[in-house]
$ cat upload06.tsv   # TSV, C-alpha atoms and all ligand atoms
chain	number	residue	atom	x	y	z
A	385	MET	CA	70.83	15.49	-51.01
A	386	LYS	CA	72.78	16.10	-47.86
A	387	ASN	CA	75.98	17.86	-48.54
A	388	LYS	CA	78.38	17.78	-45.64
A	389	ASN	CA	80.73	16.03	-48.07
A	390	ASN	CA	79.73	18.14	-51.02
A	391	LYS	CA	83.16	18.52	-52.57
A	392	ASN	CA	82.16	20.92	-55.30
A	393	ARG	CA	80.62	23.27	-52.70
A	394	ASN	CA	77.62	23.89	-54.88
A	395	TYR	CA	74.43	24.16	-52.83
A	396	LYS	CA	70.88	24.07	-54.10
A	397	VAL	CA	68.78	26.39	-51.96
A	398	ALA	CA	65.01	26.86	-52.11
A	399	VAL	CA	64.11	30.44	-51.24
A	400	ILE	CA	60.63	31.20	-49.94
A	401	PRO	CA	60.48	34.96	-49.25
A	402	GLY	CA	56.85	34.62	-48.09
A	403	ASP	CA	54.64	37.39	-46.76
A	404	GLY	CA	54.89	40.94	-45.46
A	405	THR	CA	58.45	42.00	-44.77
A	406	GLY	CA	59.71	38.49	-45.66
A	407	PRO	CA	60.86	39.44	-49.19
A	408	GLU	CA	62.68	42.56	-47.92
A	409	VAL	CA	64.70	40.73	-45.29
A	410	ILE	CA	65.39	37.79	-47.59
A	411	ALA	CA	66.80	40.18	-50.21
A	412	GLU	CA	69.36	41.37	-47.65
A	413	ALA	CA	70.17	37.82	-46.53
A	414	LEU	CA	70.81	36.89	-50.16
A	415	LYS	CA	72.97	39.97	-50.63
A	416	VAL	CA	75.18	38.81	-47.75
A	417	LEU	CA	75.19	35.19	-48.94
A	418	ASP	CA	76.20	36.36	-52.39
A	419	ALA	CA	79.19	38.23	-50.95
A	420	ALA	CA	80.02	35.18	-48.83
A	421	SER	CA	79.95	32.88	-51.83
A	422	ARG	CA	82.18	35.20	-53.86
A	423	ILE	CA	84.75	35.48	-51.11
A	424	SER	CA	84.55	31.98	-49.66
A	425	GLY	CA	84.39	30.18	-52.98
A	426	PHE	CA	81.16	28.19	-52.66
A	427	LYS	CA	78.22	28.42	-55.06
A	428	LEU	CA	74.54	28.88	-54.29
A	429	ASP	CA	72.04	27.70	-56.84
A	430	LEU	CA	68.86	29.54	-55.79
A	431	THR	CA	65.29	28.63	-56.74
A	432	ARG	CA	62.53	30.99	-55.66
A	433	PHE	CA	59.05	29.92	-54.68
A	434	ASP	CA	56.08	32.26	-54.27
A	435	TYR	CA	54.42	30.21	-51.53
A	436	GLY	CA	52.57	32.41	-49.05
A	437	GLY	CA	49.55	34.61	-48.49
A	438	GLU	CA	49.36	36.36	-51.87
A	439	ARG	CA	49.43	33.13	-53.80
A	440	TYR	CA	46.89	31.60	-51.46
A	441	LEU	CA	44.49	34.52	-52.00
A	442	LYS	CA	44.85	34.15	-55.78
A	443	THR	CA	44.81	30.38	-56.13
A	444	GLY	CA	43.51	28.89	-52.86
A	445	LYS	CA	46.71	26.84	-52.62
A	446	VAL	CA	49.01	27.02	-49.61
A	447	LEU	CA	51.50	24.22	-50.21
A	448	THR	CA	50.46	21.07	-52.04
A	449	ASP	CA	51.93	17.67	-51.20
A	450	LYS	CA	53.66	17.68	-54.56
A	451	GLU	CA	55.21	21.07	-53.89
A	452	MET	CA	56.39	19.88	-50.51
A	453	ALA	CA	57.93	16.79	-52.05
A	454	GLY	CA	59.70	19.12	-54.50
A	455	LEU	CA	61.42	20.84	-51.58
A	456	LYS	CA	63.11	17.55	-50.67
A	457	LYS	CA	65.40	17.93	-53.68
A	458	PHE	CA	67.17	20.92	-52.20
A	459	ASP	CA	70.14	21.09	-49.86
A	460	ALA	CA	68.41	23.70	-47.69
A	461	ILE	CA	65.49	26.10	-47.54
A	462	LEU	CA	65.59	29.78	-46.62
A	463	LEU	CA	62.25	31.18	-45.48
A	464	GLY	CA	61.29	34.84	-44.95
A	465	ALA	CA	58.00	34.95	-43.08
A	466	VAL	CA	54.47	33.61	-43.19
A	467	GLY	CA	51.31	35.46	-42.14
A	468	HIS	CA	49.06	37.75	-44.20
A	469	PRO	CA	46.51	40.23	-42.78
A	470	ASP	CA	43.81	39.07	-45.25
A	471	VAL	CA	44.25	35.38	-44.48
A	472	LYS	CA	42.62	33.87	-41.41
A	473	PRO	CA	45.27	33.13	-38.75
A	474	GLY	CA	46.39	29.53	-38.79
A	475	ILE	CA	45.93	28.74	-42.48
A	476	LEU	CA	49.40	29.74	-43.65
A	477	GLU	CA	51.08	28.83	-40.38
A	478	LYS	CA	49.66	25.31	-40.46
A	479	GLY	CA	49.58	24.84	-44.21
A	480	LEU	CA	53.06	26.13	-44.95
A	481	LEU	CA	55.38	26.52	-41.97
A	482	LEU	CA	54.21	23.58	-39.88
A	483	LYS	CA	53.61	21.45	-42.97
A	484	VAL	CA	57.24	21.82	-44.01
A	485	ARG	CA	58.54	21.30	-40.46
A	486	PHE	CA	56.55	18.07	-40.14
A	487	GLY	CA	56.66	16.92	-43.76
A	488	LEU	CA	60.43	17.18	-44.04
A	489	GLU	CA	60.85	15.77	-40.53
A	490	GLN	CA	62.72	18.80	-39.29
A	491	TYR	CA	62.60	17.50	-35.77
A	492	ILE	CA	64.88	20.08	-34.19
A	493	ASN	CA	64.25	23.78	-33.93
A	494	LEU	CA	67.59	25.32	-33.02
A	495	ARG	CA	67.34	28.83	-31.61
A	496	PRO	CA	70.46	30.60	-30.37
A	497	VAL	CA	69.92	33.34	-27.79
A	498	LYS	CA	73.03	35.47	-27.97
A	499	LEU	CA	73.38	39.13	-27.08
A	500	TYR	CA	75.71	40.73	-29.61
A	501	PRO	CA	77.98	43.62	-28.63
A	502	GLY	CA	76.35	47.03	-28.72
A	503	VAL	CA	72.84	45.62	-28.55
A	504	TRP	CA	70.40	46.92	-25.96
A	505	THR	CA	68.85	44.32	-23.70
A	506	PRO	CA	66.02	44.97	-21.24
A	507	LEU	CA	68.08	43.07	-18.63
A	508	ARG	CA	69.83	46.03	-17.06
A	509	ASP	CA	72.85	44.36	-15.50
A	510	LYS	CA	73.52	41.73	-18.16
A	511	GLY	CA	75.86	41.83	-21.14
A	512	PRO	CA	77.11	39.62	-23.98
A	513	ASN	CA	79.03	37.41	-21.53
A	514	ASP	CA	75.82	36.63	-19.64
A	515	ILE	CA	73.40	36.06	-22.50
A	516	ASP	CA	74.74	33.30	-24.71
A	517	PHE	CA	72.80	30.06	-24.81
A	518	VAL	CA	70.96	27.90	-27.31
A	519	VAL	CA	67.47	26.44	-27.11
A	520	VAL	CA	66.94	23.03	-28.71
A	521	ARG	CA	63.20	22.91	-29.29
A	522	GLU	CA	61.51	19.66	-30.31
A	523	ASN	CA	59.82	20.52	-33.62
A	524	ASN	CA	57.63	17.62	-34.73
A	525	GLU	CA	55.51	16.58	-31.75
A	526	GLY	CA	53.85	17.78	-28.56
A	527	LEU	CA	50.84	20.08	-28.77
A	528	TYR	CA	51.71	20.93	-32.36
A	529	VAL	CA	50.47	17.62	-33.81
A	530	GLY	CA	46.98	19.09	-34.13
A	531	GLU	CA	45.26	16.16	-32.45
A	532	GLY	CA	42.13	16.76	-30.45
A	533	LYS	CA	38.40	17.26	-30.63
A	534	PHE	CA	35.39	19.23	-29.46
A	535	ILE	CA	32.70	17.61	-27.41
A	536	ASN	CA	29.34	19.43	-27.46
A	537	LYS	CA	30.77	22.23	-29.60
A	538	GLY	CA	29.00	25.53	-29.09
A	539	LYS	CA	27.01	24.29	-26.09
A	540	LYS	CA	27.30	25.37	-22.47
A	541	ASN	CA	28.92	22.06	-21.56
A	542	GLU	CA	31.47	22.20	-24.37
A	543	VAL	CA	34.81	20.47	-23.90
A	544	ALA	CA	37.83	21.04	-26.14
A	545	LEU	CA	40.67	18.52	-26.10
A	546	GLN	CA	44.15	19.16	-27.47
A	547	VAL	CA	46.58	16.28	-27.35
A	548	SER	CA	50.27	16.59	-26.62
A	549	ARG	CA	51.83	13.62	-28.39
A	550	ASN	CA	55.30	12.65	-27.20
A	551	THR	CA	56.89	9.52	-28.60
A	552	ARG	CA	59.94	7.82	-27.16
A	553	LYS	CA	61.56	8.04	-30.59
A	554	GLY	CA	60.79	11.74	-31.01
A	555	VAL	CA	61.84	12.70	-27.50
A	556	GLU	CA	64.98	10.61	-27.60
A	557	ARG	CA	66.29	11.91	-30.92
A	558	CYS	CA	65.74	15.47	-29.73
A	559	ILE	CA	67.50	14.91	-26.41
A	560	ARG	CA	70.33	13.03	-28.11
A	561	TYR	CA	70.78	15.88	-30.57
A	562	ALA	CA	70.90	18.32	-27.63
A	563	PHE	CA	73.63	16.33	-25.86
A	564	GLU	CA	75.69	16.06	-29.04
A	565	PHE	CA	75.21	19.76	-29.71
A	566	THR	CA	76.26	20.71	-26.17
A	567	ARG	CA	79.41	18.64	-26.56
A	568	LYS	CA	80.24	20.11	-29.96
A	569	ARG	CA	79.52	23.66	-28.80
A	570	ASN	CA	82.08	23.05	-26.08
A	571	LYS	CA	81.25	26.13	-23.97
A	572	ARG	CA	80.00	25.37	-20.49
A	573	LYS	CA	79.08	21.79	-21.38
A	574	LYS	CA	75.81	22.03	-19.53
A	575	LEU	CA	72.43	20.84	-20.76
A	576	THR	CA	69.24	21.90	-18.99
A	577	LEU	CA	66.00	20.02	-19.52
A	578	CYS	CA	63.06	22.43	-19.39
A	579	GLY	CA	59.75	20.77	-18.60
A	580	LYS	CA	56.88	20.65	-16.17
A	581	THR	CA	57.23	17.25	-14.55
A	582	ASN	CA	55.11	18.26	-11.57
A	583	VAL	CA	51.98	18.71	-13.71
A	584	LEU	CA	52.54	16.98	-17.06
A	585	THR	CA	52.95	13.65	-15.32
A	586	TYR	CA	52.78	11.57	-18.50
A	587	ALA	CA	54.45	13.64	-21.22
A	588	HIS	CA	57.25	15.02	-19.12
A	589	ASP	CA	57.75	11.84	-17.21
A	590	LEU	CA	58.79	10.39	-20.57
A	591	TRP	CA	61.06	13.41	-21.20
A	592	TRP	CA	62.60	13.10	-17.71
A	593	ARG	CA	63.29	9.37	-17.97
A	594	THR	CA	64.71	9.67	-21.48
A	595	PHE	CA	66.89	12.63	-20.49
A	596	ASN	CA	68.42	10.75	-17.57
A	597	GLU	CA	69.00	7.60	-19.59
A	598	VAL	CA	70.69	9.39	-22.47
A	599	ALA	CA	72.72	11.50	-20.00
A	600	LYS	CA	74.57	8.34	-18.91
A	601	GLU	CA	76.19	8.24	-22.35
A	602	TYR	CA	77.50	11.79	-21.92
A	603	PRO	CA	79.46	11.86	-18.65
A	604	ASP	CA	81.30	14.98	-19.86
A	605	ILE	CA	78.07	17.00	-19.99
A	606	LYS	CA	76.62	18.48	-16.79
A	607	THR	CA	72.87	18.10	-16.60
A	608	ASP	CA	70.25	20.25	-14.95
A	609	TYR	CA	66.48	20.46	-14.84
A	610	ALA	CA	64.16	23.47	-14.56
A	611	HIS	CA	60.38	23.70	-14.79
A	612	VAL	CA	59.28	25.94	-17.63
A	613	ASP	CA	58.00	28.67	-15.32
A	614	ALA	CA	61.27	28.70	-13.41
A	615	THR	CA	63.15	28.68	-16.74
A	616	CYS	CA	61.43	31.97	-17.63
A	617	MET	CA	62.42	33.36	-14.27
A	618	TRP	CA	66.08	32.36	-14.61
A	619	MET	CA	66.27	33.55	-18.22
A	620	VAL	CA	65.54	37.02	-16.87
A	621	LYS	CA	67.40	36.90	-13.57
A	622	ASN	CA	70.40	34.65	-14.33
A	623	PRO	CA	70.63	33.93	-18.07
A	624	GLU	CA	74.34	33.13	-17.57
A	625	TRP	CA	73.29	29.87	-15.92
A	626	PHE	CA	72.25	28.46	-19.28
A	627	ASP	CA	74.41	26.89	-21.95
A	628	VAL	CA	71.98	24.67	-23.86
A	629	ILE	CA	68.29	24.14	-23.01
A	630	VAL	CA	66.31	21.24	-24.44
A	631	THR	CA	62.52	21.35	-24.32
A	632	ASP	CA	59.27	20.34	-25.99
A	633	ASN	CA	57.64	22.10	-28.91
A	634	MET	CA	55.20	24.37	-27.05
A	635	PHE	CA	57.53	25.39	-24.23
A	636	GLY	CA	60.28	25.95	-26.80
A	637	ASP	CA	57.99	28.25	-28.75
A	638	ILE	CA	57.25	30.33	-25.66
A	639	ILE	CA	60.69	30.57	-24.09
A	640	THR	CA	62.34	31.50	-27.40
A	641	ASP	CA	60.18	34.62	-27.70
A	642	LEU	CA	61.43	35.56	-24.24
A	643	GLY	CA	64.91	34.64	-25.45
A	644	ALA	CA	64.52	36.86	-28.51
A	645	MET	CA	63.64	39.82	-26.28
A	646	ILE	CA	66.70	39.46	-24.05
A	647	GLN	CA	68.99	39.16	-27.09
A	648	GLY	CA	67.69	42.41	-28.54
A	649	GLY	CA	64.33	41.61	-30.11
A	650	MET	CA	62.74	39.92	-33.10
A	651	GLY	CA	65.02	41.85	-35.43
A	652	ILE	CA	67.99	39.68	-34.54
A	653	ALA	CA	66.51	36.28	-33.58
A	654	ALA	CA	67.14	33.49	-36.09
A	655	GLY	CA	66.41	29.80	-36.04
A	656	GLY	CA	66.94	26.58	-37.92
A	657	ASN	CA	64.37	23.84	-38.45
A	658	LEU	CA	66.72	20.92	-38.73
A	659	ASN	CA	66.49	17.48	-40.15
A	660	PRO	CA	70.06	16.42	-39.41
A	661	GLU	CA	69.71	13.62	-41.96
A	662	GLY	CA	67.71	15.56	-44.55
A	663	VAL	CA	66.63	19.02	-45.67
A	664	SER	CA	66.64	21.85	-43.13
A	665	MET	CA	64.90	25.22	-43.23
A	666	PHE	CA	66.25	28.48	-41.82
A	667	GLU	CA	64.19	31.51	-40.86
A	668	PRO	CA	64.10	34.73	-38.90
A	669	ILE	CA	61.77	33.84	-36.03
A	670	GLY	CA	59.75	37.08	-36.04
A	671	GLY	CA	56.62	37.27	-38.13
A	672	SER	CA	55.71	39.03	-41.37
A	673	ALA	CA	55.24	42.45	-39.66
A	674	PRO	CA	52.56	43.71	-42.11
A	675	LYS	CA	52.61	47.26	-40.77
A	676	TYR	CA	56.26	47.71	-41.73
A	677	THR	CA	55.99	46.12	-45.17
A	678	GLY	CA	57.60	47.91	-48.09
A	679	GLN	CA	58.98	50.81	-46.06
A	680	ASN	CA	62.65	49.80	-45.88
A	681	VAL	CA	62.47	49.97	-42.07
A	682	ILE	CA	62.46	46.32	-40.99
A	683	ASN	CA	65.63	44.87	-39.48
A	684	PRO	CA	67.13	42.22	-41.80
A	685	LEU	CA	69.74	40.95	-39.31
A	686	ALA	CA	67.63	37.95	-38.20
A	687	ALA	CA	67.29	36.82	-41.82
A	688	ILE	CA	71.02	37.43	-42.38
A	689	CYS	CA	71.81	35.35	-39.27
A	690	ALA	CA	69.45	32.62	-40.54
A	691	GLY	CA	71.51	32.61	-43.75
A	692	GLY	CA	74.64	32.21	-41.62
A	693	MET	CA	73.11	29.27	-39.76
A	694	MET	CA	72.24	27.73	-43.10
A	695	MET	CA	75.83	27.95	-44.28
A	696	SER	CA	77.02	26.39	-41.05
A	697	SER	CA	74.63	23.46	-41.51
A	698	LEU	CA	75.86	23.05	-45.10
A	699	GLY	CA	79.38	22.65	-43.74
A	700	GLU	CA	80.63	26.16	-44.65
A	701	GLU	CA	81.70	26.94	-41.09
A	702	LYS	CA	84.15	29.64	-42.00
A	703	ALA	CA	81.62	31.61	-44.03
A	704	ALA	CA	79.08	31.18	-41.23
A	705	GLN	CA	81.56	32.50	-38.69
A	706	ASN	CA	82.43	35.45	-40.91
A	707	ILE	CA	78.76	36.31	-41.34
A	708	GLU	CA	78.28	36.28	-37.57
A	709	ASN	CA	81.41	38.40	-37.08
A	710	ALA	CA	80.13	40.88	-39.65
A	711	VAL	CA	76.75	41.09	-37.91
A	712	MET	CA	78.51	41.70	-34.58
A	713	ASP	CA	80.65	44.40	-36.14
A	714	VAL	CA	77.50	46.13	-37.42
A	715	THR	CA	75.58	45.87	-34.13
A	716	LYS	CA	78.58	47.14	-32.23
A	717	ASN	CA	79.66	49.98	-34.47
A	718	LYS	CA	76.86	51.03	-36.79
A	719	LEU	CA	73.29	50.59	-35.59
A	720	LYS	CA	71.45	52.86	-33.17
A	721	SER	CA	68.89	50.22	-32.29
A	722	LEU	CA	67.69	46.86	-33.58
A	723	SER	CA	64.04	47.95	-33.70
A	724	ALA	CA	62.21	48.55	-36.96
A	725	GLY	CA	62.44	52.19	-37.98
A	726	LYS	CA	64.96	53.06	-35.25
A	727	MET	CA	68.12	51.51	-36.62
A	728	GLY	CA	69.53	54.82	-37.86
A	729	CYS	CA	69.43	53.49	-41.41
A	730	GLY	CA	67.18	51.43	-43.65
A	731	THR	CA	66.78	47.71	-44.32
A	732	ARG	CA	68.89	47.80	-47.48
A	733	GLU	CA	71.59	49.88	-45.82
A	734	VAL	CA	71.91	47.35	-43.01
A	735	GLY	CA	72.46	44.66	-45.64
A	736	ASP	CA	75.15	46.83	-47.26
A	737	LEU	CA	76.86	47.41	-43.91
A	738	VAL	CA	77.00	43.68	-43.21
A	739	VAL	CA	78.47	43.01	-46.66
A	740	GLU	CA	81.09	45.68	-46.05
A	741	ALA	CA	81.97	44.26	-42.63
A	742	PHE	CA	82.01	40.74	-44.08
A	743	GLU	CA	84.49	41.72	-46.75
A	744	LYS	CA	86.71	43.28	-44.10
A	745	SER	CA	86.55	40.35	-41.68
A	746	ALA	CA	86.98	37.71	-44.39
A	747	GLN	CA	90.14	39.45	-45.60
A	748	LYS	CA	91.55	39.48	-42.08
A	749	VAL	CA	90.96	35.74	-41.73
A	750	GLU	CA	92.61	35.01	-45.07
A	751	VAL	CA	95.78	37.01	-44.33
B	1	LIG	C1	57.48	30.18	-34.33
B	1	LIG	C2	56.09	30.63	-34.60
B	1	LIG	C3	55.27	29.44	-35.09
B	1	LIG	C4	55.27	28.40	-33.98
B	1	LIG	C5	53.83	29.79	-35.51
B	1	LIG	C6	53.82	30.87	-36.58
B	1	LIG	C7	53.05	28.59	-35.96
B	1	LIG	O1	55.52	31.22	-33.48
B	1	LIG	O2	58.17	29.77	-35.29
B	1	LIG	O3	57.92	30.21	-33.18
B	1	LIG	O4	54.40	28.44	-33.09
B	1	LIG	O5	56.14	27.54	-34.02
B	2	MN	MN	56.91	31.35	-31.81
$ encode --input "upload06.tsv" --output "structure tokens" --more "lines below"
Ligand code: IPM
Ligand code: MN
Amino acid sequence: MKNKNNKNRNYKVAVIPGDGTGPEVIAEALKVLDAASRISGFKLDLTRFDYGGERYLKTGKVLTDKEMAGLKKFDAILLGAVGHPDVKPGILEKGLLLKVRFGLEQYINLRPVKLYPGVWTPLRDKGPNDIDFVVVRENNEGLYVGEGKFINKGKKNEVALQVSRNTRKGVERCIRYAFEFTRKRNKRKKLTLCGKTNVLTYAHDLWWRTFNEVAKEYPDIKTDYAHVDATCMWMVKNPEWFDVIVTDNMFGDIITDLGAMIQGGMGIAAGGNLNPEGVSMFEPIGGSAPKYTGQNVINPLAAICAGGMMMSSLGEEKAAQNIENAVMDVTKNKLKSLSAGKMGCGTREVGDLVVEAFEKSAQKVEV
């Protein structure tokens, strides 16, 4: 059930802590959400699922179709991390993360790239005013559809094909979402299409034509285009040029890791897999970080920010804003670094600091 008009402000959330450090960061996100619900007056009805590597190793199940259908009954999903050192790469990623993204038609992957105050960025001359943009990544198509084949597998003349599937419907709904989002965000009102029209002369020809057609309906939004390689260059040299970037699934995957680095690393980067008409899933975009598991050293801020994005998508804008303010307060005033083990305090303490800052900032807003 979608809940923008959920009058009783009671939200059913599926929680999948997942693998590695996933459970640790989710615990802190839930701590902050609990404080938010107490202060803001909404209710979260949480159901936990043990989907992930451990369960797979015990039962051979990743996520059955029935289990996936079960997730449709929730208002939102909060995911920790997938990826287990004893499970062959790809099994959990495809069978859990991508299965949910595709199965629940979460066709947008929304990834804000925002440098919070006090956070170190490798871009020497750039600050929070320069690094503040959002990537709208297509999340259901492109190279991620898993279409392809081997010809002469294992032989000297082997050929491997991997199809990038781009449908007019899929491209258009993504681009349309990006225009609407740029308008609603109301910052620089500029949308940049990131592609590779000079080489991907079929796929990105469709993206280019669709972008220009849809743009006509948004005369208030400035449009721009950059090839993906140039996008990487500008993200480093002039990140202030970007407001919103829309791009395909594969390019979006790549440029948002670069984005995560310029905003302070995987410890802070959050994203939402959105089905604007259905059930969305929120996650820290870093992985399960097996080597840091169980040591109380991983940074939970990305998971906390994912929780904030979830509240925003559920229509609890004020709580979402207060969570972000609290995170900014903590990055500015409390943490030495955003890197695992170097924060100057532990995972649980970061959660406590955000709760403390949240309580302070929420009170200020209410006065
Ligand atoms: C991400 C991840 C996933 C992706 C992997 C784990 C399949 O890198 O969320 O960006 O490629 O989308
Ligand atoms: Mn990625």
$ residues_around --input "upload06.tsv" --residues "Thr677 of chain A" --least-positions-apart "6" --cutoff "10 Å" --atoms "only C-alpha atoms" --output "VMD selection string"
chain A and resid 403 to 408
$ write_last_selection --input "upload06.tsv" --atoms "C-alpha atoms" --output "compact mmCIF listing (two decimals), in the frame of the given file"
# COMPACT_ATOMS: atom_id res chain seq x y z
CA ASP A 403 54.64 37.39 -46.76
CA GLY A 404 54.89 40.94 -45.46
CA THR A 405 58.45 42.00 -44.77
CA GLY A 406 59.71 38.49 -45.66
CA PRO A 407 60.86 39.44 -49.19
CA GLU A 408 62.68 42.56 -47.92
$ residues_near_point --input "upload06.tsv" --point "(51.1, 21.2, -32.0)" --cutoff "10 Å" --atoms "only C-alpha atoms" --output "mmCIF file with C-alpha atoms, in the coordinates of the input"
data_model
loop_
_atom_site.group_PDB
_atom_site.id
_atom_site.type_symbol
_atom_site.label_atom_id
_atom_site.label_comp_id
_atom_site.auth_asym_id
_atom_site.auth_seq_id
_atom_site.Cartn_x
_atom_site.Cartn_y
_atom_site.Cartn_z
ATOM 1 C CA LYS A 478 49.660 25.310 -40.460
ATOM 2 C CA LEU A 482 54.210 23.580 -39.880
ATOM 3 C CA ASN A 523 59.820 20.520 -33.620
ATOM 4 C CA ASN A 524 57.630 17.620 -34.730
ATOM 5 C CA GLU A 525 55.510 16.580 -31.750
ATOM 6 C CA GLY A 526 53.850 17.780 -28.560
ATOM 7 C CA LEU A 527 50.840 20.080 -28.770
ATOM 8 C CA TYR A 528 51.710 20.930 -32.360
ATOM 9 C CA VAL A 529 50.470 17.620 -33.810
ATOM 10 C CA GLY A 530 46.980 19.090 -34.130
ATOM 11 C CA GLU A 531 45.260 16.160 -32.450
ATOM 12 C CA GLN A 546 44.150 19.160 -27.470
ATOM 13 C CA VAL A 547 46.580 16.280 -27.350
ATOM 14 C CA SER A 548 50.270 16.590 -26.620
ATOM 15 C CA ARG A 549 51.830 13.620 -28.390
ATOM 16 C CA ASN A 633 57.640 22.100 -28.910
ATOM 17 C CA MET A 634 55.200 24.370 -27.050
#
$ residues_near_ligand --input "upload06.tsv" --ligand "ligand LIG 1 (chain B)" --cutoff "9 Å" --atoms "only C-alpha atoms and all ligand atoms" --output "PDB file with C-alpha atoms, keeping the file's coordinate frame"
ATOM      1  CA  ALA A 465      58.000  34.950 -43.080  1.00  0.00           C
ATOM      2  CA  VAL A 466      54.470  33.610 -43.190  1.00  0.00           C
ATOM      3  CA  GLY A 467      51.310  35.460 -42.140  1.00  0.00           C
ATOM      4  CA  GLY A 474      46.390  29.530 -38.790  1.00  0.00           C
ATOM      5  CA  LEU A 476      49.400  29.740 -43.650  1.00  0.00           C
ATOM      6  CA  GLU A 477      51.080  28.830 -40.380  1.00  0.00           C
ATOM      7  CA  LYS A 478      49.660  25.310 -40.460  1.00  0.00           C
ATOM      8  CA  LEU A 481      55.380  26.520 -41.970  1.00  0.00           C
ATOM      9  CA  LEU A 482      54.210  23.580 -39.880  1.00  0.00           C
ATOM     10  CA  ASN A 493      64.250  23.780 -33.930  1.00  0.00           C
ATOM     11  CA  ASN A 523      59.820  20.520 -33.620  1.00  0.00           C
ATOM     12  CA  TYR A 528      51.710  20.930 -32.360  1.00  0.00           C
ATOM     13  CA  ASN A 633      57.640  22.100 -28.910  1.00  0.00           C
ATOM     14  CA  MET A 634      55.200  24.370 -27.050  1.00  0.00           C
ATOM     15  CA  GLY A 636      60.280  25.950 -26.800  1.00  0.00           C
ATOM     16  CA  ASP A 637      57.990  28.250 -28.750  1.00  0.00           C
ATOM     17  CA  ILE A 638      57.250  30.330 -25.660  1.00  0.00           C
ATOM     18  CA  THR A 640      62.340  31.500 -27.400  1.00  0.00           C
ATOM     19  CA  ASP A 641      60.180  34.620 -27.700  1.00  0.00           C
ATOM     20  CA  GLY A 655      66.410  29.800 -36.040  1.00  0.00           C
ATOM     21  CA  GLU A 667      64.190  31.510 -40.860  1.00  0.00           C
ATOM     22  CA  PRO A 668      64.100  34.730 -38.900  1.00  0.00           C
ATOM     23  CA  ILE A 669      61.770  33.840 -36.030  1.00  0.00           C
ATOM     24  CA  GLY A 670      59.750  37.080 -36.040  1.00  0.00           C
ATOM     25  CA  GLY A 671      56.620  37.270 -38.130  1.00  0.00           C
TER      26      GLY A 671
END
$ atom_distance --input "upload06.tsv" --atom1 "atom CA of Met619 of chain A" --atom2 "atom CA of Ala587 of chain A"
23.3 Å
$ closest_atom_pairs --input "upload06.tsv" --of "segment 574-679 of chain A" --to "segment 722-727 of chain A" --cutoff "8 Å" --atoms "all atoms listed in the file" --output "Markdown table"
| residue | atom | partner | partner_atom | distance |
| --- | --- | --- | --- | --- |
| A:Gly648 | CA | A:Leu722 | CA | 6.7 |
| A:Gly649 | CA | A:Leu722 | CA | 7.1 |
| A:Gly651 | CA | A:Leu722 | CA | 6.0 |
| A:Ile652 | CA | A:Leu722 | CA | 7.3 |
| A:Tyr676 | CA | A:Ala724 | CA | 7.7 |
$ atom_distance --input "upload06.tsv" --atom1 "atom CA of Ile707 of chain A" --atom2 "atom CA of Ile492 of chain A"
22.5 Å
$ atom_distance --input "upload06.tsv" --atom1 "atom CA of Lys702 of chain A" --atom2 "atom CA of Phe433 of chain A"
28.1 Å
$ closest_residue --input "upload06.tsv" --among "A:Lys573, A:Lys442, A:Lys457, A:Arg521" --to "ligand MN 2 (chain B)" --atoms "all atoms listed in the file"
A:Arg521
$ residues_around --input "upload06.tsv" --residues "Gln747 of chain A" --least-positions-apart "4" --cutoff "10 Å" --atoms "only C-alpha atoms" --output "ChimeraX atom specification"
/A:423,706,741-743,751
$ closest_residue --input "upload06.tsv" --among "A:Val399, A:Ile688, A:Leu577, A:Gly728" --to "Leu417 of chain A" --atoms "all atoms listed in the file"
A:Ile688
$ closest_residue --input "upload06.tsv" --among "A:Ala704, A:Val397, A:Ile639, A:Val620" --to "ligand MN 2 (chain B)" --atoms "all atoms listed in the file"
A:Ile639
$ closest_residue --input "upload06.tsv" --among "A:Pro496, A:Pro501, A:Gly436, A:Gly699" --to "Phe565 of chain A" --atoms "all atoms listed in the file"
A:Pro496
$ closest_residue --input "upload06.tsv" --among "A:Thr576, A:Gln490, A:Asn596, A:Asn622" --to "Pro660 of chain A" --atoms "all atoms listed in the file"
A:Gln490
$ closest_residue --input "upload06.tsv" --among "A:Ile682, A:Val711, A:Leu719, A:Ala644" --to "ligand MN 2 (chain B)" --atoms "all atoms listed in the file"
A:Ala644
$ residues_around --input "upload06.tsv" --residues "Val714 of chain A" --least-positions-apart "6" --cutoff "9 Å" --atoms "all atoms listed in the file" --output "PDB file with C-alpha atoms, in the coordinates of the input"
ATOM      1  CA  GLY A 502      76.350  47.030 -28.720  1.00  0.00           C
ATOM      2  CA  VAL A 734      71.910  47.350 -43.010  1.00  0.00           C
ATOM      3  CA  LEU A 737      76.860  47.410 -43.910  1.00  0.00           C
ATOM      4  CA  VAL A 738      77.000  43.680 -43.210  1.00  0.00           C
ATOM      5  CA  ALA A 741      81.970  44.260 -42.630  1.00  0.00           C
TER       6      ALA A 741
END
$ residues_near_point --input "upload06.tsv" --point "(52.1, 19.8, -54.1)" --cutoff "12 Å" --atoms "all atoms listed in the file" --output "count of residues only"
18
$ residues_around --input "upload06.tsv" --residues "Phe563 of chain A" --least-positions-apart "6" --cutoff "10 Å" --atoms "all atoms listed in the file" --output "VMD selection string"
chain A and resid 520 557 569 573 to 576 595 598 to 599 601 to 602 604 to 607 628 to 630
$ residues_around --input "upload06.tsv" --residues "Val409 of chain A" --least-positions-apart "2" --cutoff "9 Å" --atoms "only C-alpha atoms" --output "ChimeraX atom specification"
/A:401,405-407,411-414,464,668,682-688,731-732,735
